[in-house]
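For reference, coords37.txt (compact mmCIF, C-alpha atoms):
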# COMPACT_ATOMS: atom_id res chain seq x y z
CA MET M 1 0.00 0.00 0.00
CA GLU M 2 1.25 3.51 -0.87
CA GLN M 3 2.52 5.72 1.89
CA ALA M 4 -0.20 8.05 3.21
CA PRO M 5 0.08 11.65 2.01
CA PRO M 6 1.64 14.07 4.51
CA ASP M 7 -0.47 16.10 6.91
CA PRO M 8 -1.48 19.38 5.21
CA GLU M 9 -0.67 21.35 8.33
CA ARG M 10 2.82 19.86 8.25
CA GLN M 11 3.17 20.83 4.60
CA LEU M 12 2.60 24.49 5.36
CA GLN M 13 5.30 24.64 8.02
CA PRO M 14 9.05 25.05 7.49
CA ALA M 15 10.94 21.77 7.36
CA PRO M 16 11.78 20.54 10.90
CA LEU M 17 15.54 20.56 10.43
CA GLU M 18 17.79 22.42 12.76
CA PRO M 19 20.37 24.77 11.18
CA LEU M 20 23.74 23.12 10.58
CA GLY M 21 25.57 26.10 11.93
CA CYS M 22 25.26 29.80 12.64
CA PRO M 23 24.77 31.88 9.49
CA ASP M 24 26.76 35.03 8.99
CA ALA M 25 25.47 38.15 10.67
CA GLY M 26 24.51 39.88 7.43
CA LEU M 27 21.60 37.65 6.46
CA GLY M 28 20.95 36.13 9.87
CA ALA M 29 20.38 39.50 11.51
CA ALA M 30 17.98 40.53 8.79
CA VAL M 31 15.70 37.51 8.57
CA GLY M 32 16.60 35.07 11.32
CA LYS M 33 13.86 36.03 13.80
CA GLU M 34 11.30 36.79 11.14
CA ALA M 35 11.82 33.46 9.34
CA ALA M 36 11.67 31.52 12.58
CA GLY M 37 8.46 33.18 13.69
CA ALA M 38 6.81 33.05 10.28
CA GLY M 39 6.37 29.29 10.41
CA GLU M 40 4.22 29.64 13.52
CA GLU M 41 1.78 32.03 11.86
CA ASP M 42 -1.46 30.94 10.27
CA SER M 43 -0.80 30.02 6.64
CA GLY M 44 -4.24 31.22 5.65
CA VAL M 45 -3.43 34.93 5.96
CA ASP M 46 -3.97 37.09 2.93
CA THR M 47 -1.35 36.54 0.27
CA MET M 48 -0.77 40.20 -0.48
CA THR M 49 0.22 41.04 3.07
CA HIS M 50 3.05 38.50 2.97
CA ASN M 51 4.08 38.81 -0.67
CA ASN M 52 7.79 39.58 -1.18
CA PHE M 53 8.39 38.77 2.52
CA TRP M 54 12.10 38.05 2.13
CA LEU M 55 12.64 40.44 -0.77
CA LYS M 56 11.85 43.26 1.68
CA LYS M 57 14.53 41.96 4.07
CA ILE M 58 17.36 40.80 1.79
CA GLU M 59 18.68 41.06 -1.74
CA ILE M 60 19.29 37.75 -3.49
CA SER M 61 21.41 37.48 -6.62
CA VAL M 62 23.26 34.85 -8.63
CA SER M 63 26.13 37.11 -9.56
CA GLU M 64 28.70 34.86 -11.24
CA ALA M 65 29.10 31.59 -13.11
CA GLU M 66 32.36 29.66 -13.08
CA LYS M 67 33.47 26.59 -15.01
CA ARG M 68 34.99 23.94 -12.72
CA THR M 69 36.38 20.43 -12.87
CA GLY M 70 35.93 17.75 -10.24
CA ARG M 71 34.99 14.15 -9.57
CA ASN M 72 31.42 12.91 -9.44
CA ALA M 73 29.84 10.16 -7.31
CA MET M 74 31.34 7.53 -9.66
CA ASN M 75 34.81 9.03 -9.06
CA MET M 76 34.96 10.11 -12.70
CA GLN M 77 36.35 13.43 -13.87
CA GLU M 78 33.64 15.88 -14.96
CA THR M 79 33.31 19.51 -15.96
CA TYR M 80 30.46 21.55 -14.54
CA THR M 81 29.37 25.13 -13.91
CA ALA M 82 29.09 26.58 -10.40
CA TYR M 83 27.02 29.68 -9.60
CA LEU M 84 27.76 32.27 -6.92
CA ILE M 85 24.73 33.11 -4.74
CA GLU M 86 24.99 36.39 -2.84
CA THR M 87 22.56 37.53 -0.16
CA ARG M 88 22.69 40.96 1.46
CA SER M 89 20.50 42.64 4.06
CA VAL M 90 18.64 45.69 2.83
CA GLU M 91 18.00 46.88 6.38
CA HIS M 92 20.80 49.11 7.63
CA THR M 93 21.71 48.78 11.28
CA ASP M 94 23.01 51.95 12.97
CA GLY M 95 26.76 51.86 13.31
CA GLN M 96 27.16 48.51 11.55
CA SER M 97 28.25 47.75 8.01
CA VAL M 98 25.99 45.65 5.80
CA LEU M 99 27.51 42.18 5.39
CA THR M 100 27.11 39.95 2.36
CA ASP M 101 26.80 36.17 2.51
CA SER M 102 27.97 34.23 -0.52
CA LEU M 103 28.44 30.61 -1.54
CA TRP M 104 28.72 28.51 -4.70
CA ARG M 105 26.06 26.07 -5.88
CA ARG M 106 25.87 23.64 -8.78
CA TYR M 107 22.79 23.31 -10.97
CA SER M 108 22.17 19.87 -9.43
CA GLU M 109 21.85 21.49 -5.99
CA PHE M 110 19.16 23.80 -7.33
CA GLU M 111 17.41 20.63 -8.56
CA LEU M 112 17.60 19.13 -5.06
CA LEU M 113 16.04 22.26 -3.58
CA ARG M 114 13.18 22.17 -6.06
CA ASN M 115 12.60 18.42 -5.52
CA TYR M 116 12.36 19.06 -1.79
CA LEU M 117 9.79 21.82 -2.35
CA LEU M 118 7.76 19.53 -4.63
CA VAL M 119 7.55 16.90 -1.88
CA TYR M 120 6.79 19.08 1.13
CA TYR M 121 4.54 21.59 -0.64
CA PRO M 122 2.52 19.42 -3.07
CA HIS M 123 -0.35 21.93 -3.18
CA ILE M 124 1.91 24.71 -4.47
CA VAL M 125 2.85 25.46 -8.08
CA VAL M 126 6.61 25.35 -7.44
CA PRO M 127 8.64 27.71 -9.70
CA PRO M 128 10.56 25.85 -12.42
CA LEU M 129 14.29 25.86 -13.05
CA PRO M 130 15.77 27.17 -16.29
CA GLU M 131 16.60 24.57 -18.91
CA LYS M 132 19.61 22.35 -18.26
CA ARG M 133 20.40 22.15 -21.97
CA ALA M 134 19.48 24.63 -24.67
CA GLU M 135 16.19 23.94 -26.47
CA PHE M 136 14.32 25.72 -29.29
CA VAL M 137 17.49 27.44 -30.49
CA TRP M 138 17.97 28.92 -33.95
CA HIS M 139 20.81 27.39 -35.94
CA LYS M 140 23.42 30.09 -35.28
CA LEU M 141 23.01 29.74 -31.51
CA SER M 142 25.11 27.13 -29.74
CA ALA M 143 23.28 24.26 -27.99
CA ASP M 144 26.35 23.49 -25.86
CA ASN M 145 25.49 23.78 -22.16
CA MET M 146 29.00 25.14 -21.54
CA ASP M 147 28.56 27.93 -24.09
CA PRO M 148 29.17 31.28 -22.31
CA ASP M 149 25.98 32.87 -23.67
CA PHE M 150 23.87 29.89 -22.56
CA VAL M 151 25.55 29.82 -19.12
CA GLU M 152 24.79 33.54 -18.71
CA ARG M 153 21.12 33.04 -19.61
CA ARG M 154 20.91 30.12 -17.18
CA ARG M 155 22.53 32.25 -14.45
CA ILE M 156 19.75 34.80 -14.94
CA GLY M 157 17.18 31.98 -14.86
CA LEU M 158 18.55 30.55 -11.60
CA GLU M 159 18.46 33.99 -10.00
CA ASN M 160 14.86 34.37 -11.14
CA PHE M 161 14.09 30.92 -9.63
CA LEU M 162 15.38 32.05 -6.21
CA LEU M 163 13.52 35.36 -6.44
CA ARG M 164 10.29 33.52 -7.29
CA ILE M 165 10.65 31.43 -4.13
CA ALA M 166 11.63 34.44 -2.01
CA SER M 167 8.50 36.31 -3.17
CA HIS M 168 6.13 33.36 -2.58
CA PRO M 169 4.05 33.86 0.60
CA ILE M 170 4.67 30.28 1.83
CA LEU M 171 7.86 28.99 0.18
CA CYS M 172 9.85 32.04 1.31
CA ARG M 173 9.48 30.92 4.95
CA ASP M 174 10.94 27.46 4.53
CA LYS M 175 14.00 26.70 6.66
CA ILE M 176 15.64 24.54 3.99
CA PHE M 177 15.44 27.45 1.55
CA TYR M 178 17.13 29.58 4.21
CA LEU M 179 19.87 26.96 4.61
CA PHE M 180 20.29 26.76 0.83
CA LEU M 181 21.13 30.46 0.77
CA THR M 182 23.39 30.48 3.83
CA GLN M 183 24.92 27.06 4.54
CA VAL M 184 27.62 25.37 2.50
CA PHE M 185 26.62 21.95 3.84
CA PHE M 186 23.09 22.07 2.50
CA PHE M 187 21.56 18.61 2.23
CA TYR M 188 18.30 17.09 1.14
CA LEU M 189 16.39 14.27 2.79
CA ALA M 190 15.15 11.87 0.11
CA ASP M 191 11.49 10.96 0.37
CA SER M 192 9.62 8.13 -1.34
CA ARG M 193 6.78 10.56 -1.96
CA LEU M 194 8.84 12.12 -4.76
CA LYS M 195 8.46 8.87 -6.70
CA ALA M 196 4.77 8.85 -5.91
CA LEU M 197 4.45 12.24 -7.62
CA ASN M 198 5.58 10.62 -10.87
CA ALA M 199 3.23 7.63 -10.60
CA THR M 200 -0.04 7.33 -12.50
CA PHE M 201 -3.23 6.33 -10.70
CA ARG M 202 -6.61 5.52 -12.22
CA VAL M 203 -9.14 7.17 -9.96
CA LYS M 204 -12.84 6.31 -10.24
CA ASN M 205 -14.15 9.79 -9.48
CA PRO M 206 -11.62 12.38 -10.70
CA ASP M 207 -12.14 16.02 -9.76
CA LYS M 208 -13.15 17.87 -12.94
CA ARG M 209 -11.31 20.99 -11.85
CA PHE M 210 -7.99 19.17 -11.65
CA THR M 211 -8.72 17.25 -14.85
CA ASP M 212 -9.35 20.55 -16.63
CA LEU M 213 -6.21 22.03 -15.08
CA LYS M 214 -4.17 19.08 -16.35
CA HIS M 215 -5.59 19.53 -19.86
CA TYR M 216 -4.86 23.26 -19.66
CA SER M 217 -1.22 22.62 -18.64
CA ASP M 218 -0.83 20.24 -21.61
CA GLU M 219 -2.30 22.82 -23.98
CA LEU M 220 -0.19 25.62 -22.48
CA GLN M 221 2.97 23.58 -22.96
CA SER M 222 1.98 22.74 -26.55
CA VAL M 223 1.17 26.37 -27.46
CA ILE M 224 4.38 27.77 -25.97
CA SER M 225 6.43 25.01 -27.63
CA HIS M 226 4.96 25.93 -31.02
CA LEU M 227 5.53 29.62 -30.33
CA LEU M 228 9.20 29.00 -29.49
CA ARG M 229 9.67 26.91 -32.65
CA VAL M 230 8.12 29.67 -34.79
CA ARG M 231 10.38 32.26 -33.14
CA ALA M 232 13.45 30.11 -33.84
CA ARG M 233 12.48 29.79 -37.53
CA VAL M 234 11.82 33.54 -37.79
CA ALA M 235 15.20 34.23 -36.12
CA ASP M 236 16.93 31.99 -38.67
CA ARG M 237 15.36 33.79 -41.62
CA LEU M 238 15.79 37.23 -40.09
CA TYR M 239 19.46 36.53 -39.50
CA GLY M 240 19.87 35.63 -43.16
CA VAL M 241 17.99 38.71 -44.40
CA TYR M 242 20.07 41.06 -42.27
CA LYS M 243 23.38 39.46 -43.22
CA VAL M 244 22.49 39.58 -46.90
CA HIS M 245 22.22 43.35 -46.52
CA GLY M 246 25.96 43.23 -45.93
CA ASN M 247 26.24 42.38 -49.60
CA TYR M 248 24.64 45.72 -50.41
CA GLY M 249 27.40 47.37 -48.39
CA ARG M 250 30.12 45.49 -50.23
CA VAL M 251 28.60 46.19 -53.67
CA PHE M 252 28.05 49.91 -52.95
CA SER M 253 31.61 50.18 -51.65
CA GLU M 254 33.03 48.53 -54.76
CA TRP M 255 30.81 50.66 -56.98
CA SER M 256 31.93 53.86 -55.26
CA ALA M 257 35.52 53.11 -56.27
CA ILE M 258 34.74 53.53 -59.98
CA GLU M 259 32.50 56.60 -59.66
CA LYS M 260 33.52 60.22 -59.13
CA GLU M 261 30.32 62.20 -58.64
CA MET M 262 28.40 59.28 -57.10
CA GLY M 263 31.29 57.81 -55.08
CA ASP M 264 30.71 59.53 -51.74
CA GLY M 265 26.97 58.80 -51.74
CA LEU M 266 27.49 55.14 -52.59
CA GLN M 267 30.22 54.80 -49.96
CA SER M 268 27.96 56.31 -47.27
CA ALA M 269 25.01 54.12 -48.28
CA GLY M 270 27.25 51.07 -48.11
CA HIS M 271 28.30 52.05 -44.58
CA HIS M 272 24.65 52.22 -43.48
CA MET M 273 24.04 48.76 -44.95
CA ASP M 274 27.03 47.33 -43.08
CA VAL M 275 25.73 48.78 -39.81
CA TYR M 276 22.29 47.34 -40.53
CA ALA M 277 23.73 43.86 -41.27
CA SER M 278 25.79 43.77 -38.06
CA SER M 279 22.91 44.93 -35.83
CA ILE M 280 21.10 41.58 -36.03
CA ASP M 281 23.51 39.91 -33.59
CA ASP M 282 22.49 42.23 -30.74
CA ILE M 283 18.82 42.05 -31.75
CA LEU M 284 18.69 38.25 -31.59
CA GLU M 285 20.65 38.24 -28.35
CA ASP M 286 17.93 40.46 -26.84
CA GLU M 287 15.30 38.14 -28.30
CA GLU M 288 16.74 35.21 -26.33
CA HIS M 289 15.81 37.04 -23.14
CA TYR M 290 12.14 37.02 -24.17
CA ALA M 291 12.42 33.40 -25.29
CA ASP M 292 13.70 32.49 -21.82
CA GLN M 293 10.65 34.17 -20.26
CA LEU M 294 8.40 31.98 -22.41
CA LYS M 295 10.44 28.90 -21.54
CA GLU M 296 9.87 29.54 -17.85
CA TYR M 297 6.13 29.08 -18.38
CA LEU M 298 6.79 26.12 -20.64
CA PHE M 299 8.32 24.48 -17.55
CA TYR M 300 5.61 25.87 -15.26
CA ALA M 301 3.20 23.59 -17.16
CA GLU M 302 4.97 20.59 -15.61
CA ALA M 303 4.67 22.21 -12.17
CA LEU M 304 0.89 22.43 -12.67
CA ARG M 305 0.77 18.75 -13.63
CA ALA M 306 2.71 17.87 -10.47
CA VAL M 307 -0.08 19.41 -8.36
CA CYS M 308 -2.66 17.42 -10.37
CA ARG M 309 -0.71 14.18 -9.88
CA LYS M 310 -0.54 14.77 -6.14
CA HIS M 311 -4.31 15.26 -6.05
CA GLU M 312 -4.78 12.04 -8.04
CA LEU M 313 -2.60 10.21 -5.53
CA MET M 314 -4.67 11.51 -2.61
CA GLN M 315 -7.95 10.70 -4.41
CA TYR M 316 -6.71 7.19 -5.22
CA ASP M 317 -5.67 6.66 -1.60
CA LEU M 318 -9.11 7.88 -0.45
CA GLU M 319 -10.96 5.55 -2.85
CA MET M 320 -8.86 2.56 -1.78
CA ALA M 321 -9.60 3.33 1.89
CA ALA M 322 -13.35 3.59 1.13
CA GLN M 323 -13.25 0.33 -0.84
CA ASP M 324 -11.43 -1.47 1.98
CA LEU M 325 -13.94 -0.12 4.54
CA ALA M 326 -16.90 -1.27 2.42
CA SER M 327 -15.38 -4.75 2.10
CA LYS M 328 -14.93 -5.07 5.86
CA LYS M 329 -18.51 -3.93 6.51
CA GLN M 330 -19.78 -6.55 4.09
CA GLN M 331 -17.72 -9.27 5.78
CA CYS M 332 -19.06 -8.22 9.17
CA GLU M 333 -22.67 -8.26 7.90
CA GLU M 334 -22.20 -11.71 6.33
CA LEU M 335 -20.80 -13.10 9.59
CA ALA M 336 -23.63 -11.57 11.59
CA THR M 337 -26.41 -12.90 9.29
CA GLY M 338 -24.70 -16.10 8.24
CA THR M 339 -25.25 -15.35 4.52
CA VAL M 340 -22.50 -15.03 1.93
CA ARG M 341 -23.29 -12.62 -0.92
CA THR M 342 -20.08 -12.99 -2.88
CA PHE M 343 -17.66 -15.79 -3.62
CA SER M 344 -14.77 -16.02 -1.20
CA LEU M 345 -12.10 -18.48 -0.20
CA LYS M 346 -13.44 -18.37 3.35
CA GLY M 347 -16.88 -19.38 2.09
CA MET M 348 -15.44 -22.39 0.24
CA THR M 349 -13.47 -23.40 3.32
CA THR M 350 -16.65 -23.25 5.42
CA LYS M 351 -18.49 -25.52 2.99
CA LEU M 352 -15.63 -28.04 2.93
CA PHE M 353 -14.74 -28.15 6.62
CA GLY M 354 -17.90 -27.06 8.38
CA GLN M 355 -19.24 -23.97 10.11
CA GLU M 356 -17.32 -21.90 12.66
CA THR M 357 -18.30 -22.10 16.29
CA PRO M 358 -20.32 -19.15 17.70
CA GLU M 359 -17.31 -18.10 19.76
CA GLN M 360 -15.06 -17.98 16.69
CA ARG M 361 -17.66 -16.00 14.78
CA GLU M 362 -18.06 -13.49 17.61
CA ALA M 363 -14.31 -13.05 17.84
CA ARG M 364 -14.05 -12.38 14.12
CA ILE M 365 -16.95 -9.93 14.24
CA LYS M 366 -15.30 -8.07 17.11
CA VAL M 367 -12.01 -7.78 15.20
CA LEU M 368 -13.84 -6.56 12.09
CA GLU M 369 -15.80 -3.98 14.10
CA GLU M 370 -12.57 -2.60 15.49
CA GLN M 371 -11.09 -2.46 11.98
CA ILE M 372 -14.26 -0.78 10.68
CA ASN M 373 -14.11 1.85 13.40
CA GLU M 374 -10.45 2.50 12.64
CA GLY M 375 -11.19 2.61 8.90
CA GLU M 376 -14.00 5.13 9.38
CA GLN M 377 -11.66 7.39 11.33
CA GLN M 378 -8.99 7.08 8.62
CA LEU M 379 -11.54 7.79 5.90
CA LYS M 380 -12.76 10.87 7.74
CA SER M 381 -9.17 12.04 8.19
CA LYS M 382 -8.39 11.49 4.50
CA ASN M 383 -11.51 13.40 3.48
CA LEU M 384 -10.50 16.35 5.65
CA GLU M 385 -6.95 16.16 4.33
CA GLY M 386 -8.23 16.10 0.75
CA ARG M 387 -10.47 19.12 1.26
CA GLU M 388 -7.60 21.01 2.87
CA PHE M 389 -5.32 20.13 -0.03
CA VAL M 390 -7.88 21.32 -2.60
CA LYS M 391 -8.43 24.60 -0.74
CA ASN M 392 -4.70 25.33 -0.46
CA ALA M 393 -3.96 24.14 -4.01
CA TRP M 394 -6.60 26.35 -5.62
CA ALA M 395 -5.50 29.36 -3.58
CA ASP M 396 -1.98 28.94 -4.96
CA ILE M 397 -3.23 28.20 -8.48
CA GLU M 398 -5.18 31.48 -8.45
CA ARG M 399 -2.00 33.25 -7.31
CA PHE M 400 -0.10 31.56 -10.14
CA LYS M 401 -2.71 32.58 -12.74
CA GLU M 402 -2.39 36.25 -11.76
CA GLN M 403 1.40 35.98 -11.94
CA LYS M 404 1.24 34.19 -15.33
CA ASN M 405 -1.13 36.69 -16.88
CA ARG M 406 0.95 39.62 -15.67
CA ASP M 407 4.33 38.15 -16.71
CA LEU M 408 3.29 36.88 -20.14
CA LYS M 409 1.45 40.13 -20.93
CA GLU M 410 4.59 42.14 -20.10
CA ALA M 411 6.83 39.75 -22.05
CA LEU M 412 4.66 39.79 -25.18
CA ILE M 413 4.26 43.57 -25.10
CA SER M 414 8.01 44.01 -24.66
CA TYR M 415 8.66 41.61 -27.53
CA ALA M 416 6.25 43.56 -29.78
CA VAL M 417 7.92 46.85 -28.79
CA MET M 418 11.31 45.36 -29.65
CA GLN M 419 10.03 44.25 -33.08
CA ILE M 420 8.60 47.72 -33.72
CA SER M 421 11.93 49.28 -32.72
CA MET M 422 13.77 46.89 -35.03
CA CYS M 423 11.50 47.82 -37.94
CA LYS M 424 11.97 51.54 -37.23
CA LYS M 425 15.75 51.06 -37.34
CA GLY M 426 15.38 49.34 -40.71
CA ILE M 427 13.29 52.23 -41.98
CA GLN M 428 15.89 54.68 -40.66
CA VAL M 429 18.70 52.83 -42.44
CA TRP M 430 16.89 53.00 -45.77
CA THR M 431 15.92 56.63 -45.12
CA ASN M 432 19.61 57.42 -44.58
CA ALA M 433 20.48 55.49 -47.72
CA LYS M 434 17.89 57.49 -49.66
CA GLU M 435 19.43 60.73 -48.46
CA CYS M 436 22.85 59.47 -49.58
CA PHE M 437 21.49 58.66 -53.00
CA SER M 438 19.77 62.06 -53.21
CA LYS M 439 23.09 63.84 -52.64
CA MET M 440 24.80 62.08 -55.52
What would you get if you wrote out this structure as structure tokens?
Amino acid sequence: MEQAPPDPERQLQPAPLEPLGCPDAGLGAAVGKEAAGAGEEDSGVDTMTHNNFWLKKIEISVSEAEKRTGRNAMNMQETYTAYLIETRSVEHTDGQSVLTDSLWRRYSEFELLRNYLLVYYPHIVVPPLPEKRAEFVWHKLSADNMDPDFVERRRIGLENFLLRIASHPILCRDKIFYLFLTQVFFFYLADSRLKALNATFRVKNPDKRFTDLKHYSDELQSVISHLLRVRARVADRLYGVYKVHGNYGRVFSEWSAIEKEMGDGLQSAGHHMDVYASSIDDILEDEEHYADQLKEYLFYAEALRAVCRKHELMQYDLEMAAQDLASKKQQCEELATGTVRTFSLKGMTTKLFGQETPEQREARIKVLEEQINEGEQQLKSKNLEGREFVKNAWADIERFKEQKNRDLKEALISYAVMQISMCKKGIQVWTNAKECFSKM
């Protein structure tokens, strides 16, 4: 039988692990007392009053990325990238300098942190990590995960991941998150429930809301995937169009060498074309920033499905408990009345070897009644736990929807503004070229 889901009240509290040591004064003085007391508060308080709880106390940044070489668990040499996390108090203490805490983390350690959050906060849409390897890239962009440009974009994504957690009204108060930012010897306690999150259960009475949410997450992932593929194809063609304009520059420059009256105008027009051709590199580099914003919500789709899977697990566990309780009640009724409604091995044994004595029957009935009473209590507890999960999950899903709508709206508007600006620069280049031709 699957392990019972954790107590919802436990899920909303910081992990019960004692700090491994004393954090530096900079961050500890800023958030130590607040973080410790936050876990004791009611988790049902209004989201807006606690939003950006830690961001008001500290600044979190992933400031550097560094290529390193070491040995893995198999004692094999490997090359990896480490990221420098810096935390600094934004509250100035009279007469004291503001201290900065810093430590290095690998991408795999960020994965451990997120896996922990998935297990202990199953009702929350946990922020996703940036991609481990480049996806949806146009052909001139390197797909190597050690490429400096990719590492820089991933550094920005990891910083955004930490800021998302720090601004979440519940996740920001977790003690393990605090240790991740301050303790070198951060560790993660493995839990079999992580495997349960990836299991598939066939429930008899699925909740339509979660079924619809699962379908929505699939559709969201599909739409964003198609959008990223289209953008990559457009980037490929745009790159070619811009670079071809460099040929105009070369031709005008060569032409200017054989002309006297027209030479200066052709030379100037060629210069404008060269500038136009070279500008595409910076344009597409800026575009990758907007692509990364879309990719974040591509990965958020999986976070939504994780919440749905957890609900399926709880619903499956509830249905199995109800089925087991119904079976025991039927057995008890059959023993009490002496009638057998369904085929059973016990019934065949009775026919072959004779009836039980009244004392044996009474003893079995007593055991079943105790099991029925225990089962009813468990079923009631699971029902309460399920309702609590649904309430907390939908509260966080509504928070996520507001965040998604706001972020994607800003990203799409910014992308459109960038395209408009790019077109205006193209118009300006040809306007300048026209003026050059007019002066010939």
Seminar exercise, completed: Using only C-alpha atoms, the best pick from M:Glu285, M:Ile60, M:Lys204, M:Cys332 as closest to Tyr316 in chain M would be M:Lys204
For this session: Calculate how many Å separate CA of Leu408 in chain M from CA of Leu213 in chain M, rounding to one decimal.
Result: 18.3 Å
Exercise. Could you work out how far CA of Glu86 in chain M lies from CA of Lys404 in chain M, giving the answer in Å with one decimal?
Worked result: 26.9 Å
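Comparing M:Lys67, M:Lys425, M:Lys214, M:Arg114 by their smallest distance to Arg164 in chain M, the closest is M:Arg114 (using only C-alpha atoms).
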Please write out, as lines of an AutoDock Vina configuration file, where the centre of an axis-aligned box around all listed atoms of range 357-371 of chain M lies and how long its edges are, in Å to one decimal, after adding 4 Å on each side.
center_x = -15.7
center_y = -12.3
center_z = 15.9
size_x = 17.2
size_y = 27.6
size_z = 15.8
Problem set entry | Pick from M:Lys132, M:Glu66, M:Glu287, M:Cys436, whichever lies nearest to Ala416 in chain M using all atoms listed in the file | M:Glu287
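From CA of Thr357 in chain M back to CA of Glu369 in chain M, the distance works out to 18.4 Å.
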Problem set entry | Among listed residues M:Leu294, M:Met262, M:Val429, M:Ile420, nearest Arg231 in chain M (using only C-alpha atoms) | M:Leu294
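Among the candidates M:Leu318, M:Leu313, M:Asn383, M:Arg361, the residue lying nearest to Glu334 in chain M is M:Arg361 (atoms considered: only C-alpha atoms).
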Problem set entry | Selection: 9 Å around Phe252 in chain M, all atoms listed in the file, excl. self and same-chain fewer than 5 positions, as a PyMOL selection string | chain M and resi 247+257+263+266-271
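With all atoms listed in the file as the basis for measurement, M:Glu261 is the residue among M:Ala363, M:Val62, M:Glu261, M:Tyr116 that approaches Lys439 in chain M most closely.
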Just range 254-266 of chain M, please, as a tab-separated table (two decimals), in the first residue's frame (only N, CA, C and O atoms).
chain	number	residue	atom	x	y	z
M	254	GLU	N	32.28	48.81	-53.54
M	254	GLU	CA	33.03	48.53	-54.76
M	254	GLU	C	32.61	49.48	-55.89
M	254	GLU	O	33.44	49.96	-56.69
M	255	TRP	N	31.32	49.76	-55.95
M	255	TRP	CA	30.81	50.66	-56.98
M	255	TRP	C	31.37	52.07	-56.79
M	255	TRP	O	31.71	52.76	-57.77
M	256	SER	N	31.46	52.50	-55.53
M	256	SER	CA	31.93	53.86	-55.26
M	256	SER	C	33.36	54.08	-55.75
M	256	SER	O	33.77	55.21	-56.04
M	257	ALA	N	34.13	52.99	-55.86
M	257	ALA	CA	35.52	53.11	-56.27
M	257	ALA	C	35.66	53.50	-57.74
M	257	ALA	O	36.72	54.01	-58.16
M	258	ILE	N	34.64	53.25	-58.55
M	258	ILE	CA	34.74	53.53	-59.98
M	258	ILE	C	33.92	54.76	-60.39
M	258	ILE	O	33.81	55.08	-61.57
M	259	GLU	N	33.30	55.41	-59.39
M	259	GLU	CA	32.50	56.60	-59.66
M	259	GLU	C	33.15	57.82	-59.02
M	259	GLU	O	33.75	57.73	-57.95
M	260	LYS	N	33.00	58.95	-59.68
M	260	LYS	CA	33.52	60.22	-59.13
M	260	LYS	C	32.42	61.03	-58.46
M	260	LYS	O	32.47	61.29	-57.26
M	261	GLU	N	31.40	61.41	-59.21
M	261	GLU	CA	30.32	62.20	-58.64
M	261	GLU	C	29.47	61.40	-57.66
M	261	GLU	O	29.02	61.91	-56.64
M	262	MET	N	29.27	60.12	-57.94
M	262	MET	CA	28.40	59.28	-57.10
M	262	MET	C	29.14	58.55	-55.99
M	262	MET	O	28.54	57.92	-55.14
M	263	GLY	N	30.47	58.63	-55.99
M	263	GLY	CA	31.29	57.81	-55.08
M	263	GLY	C	30.98	58.00	-53.61
M	263	GLY	O	30.79	57.03	-52.87
M	264	ASP	N	30.93	59.26	-53.17
M	264	ASP	CA	30.71	59.53	-51.74
M	264	ASP	C	29.34	59.03	-51.29
M	264	ASP	O	29.19	58.44	-50.21
M	265	GLY	N	28.32	59.25	-52.10
M	265	GLY	CA	26.97	58.80	-51.74
M	265	GLY	C	26.88	57.29	-51.66
M	265	GLY	O	26.26	56.75	-50.73
M	266	LEU	N	27.50	56.61	-52.62
M	266	LEU	CA	27.49	55.14	-52.59
M	266	LEU	C	28.26	54.59	-51.39
M	266	LEU	O	27.85	53.62	-50.76
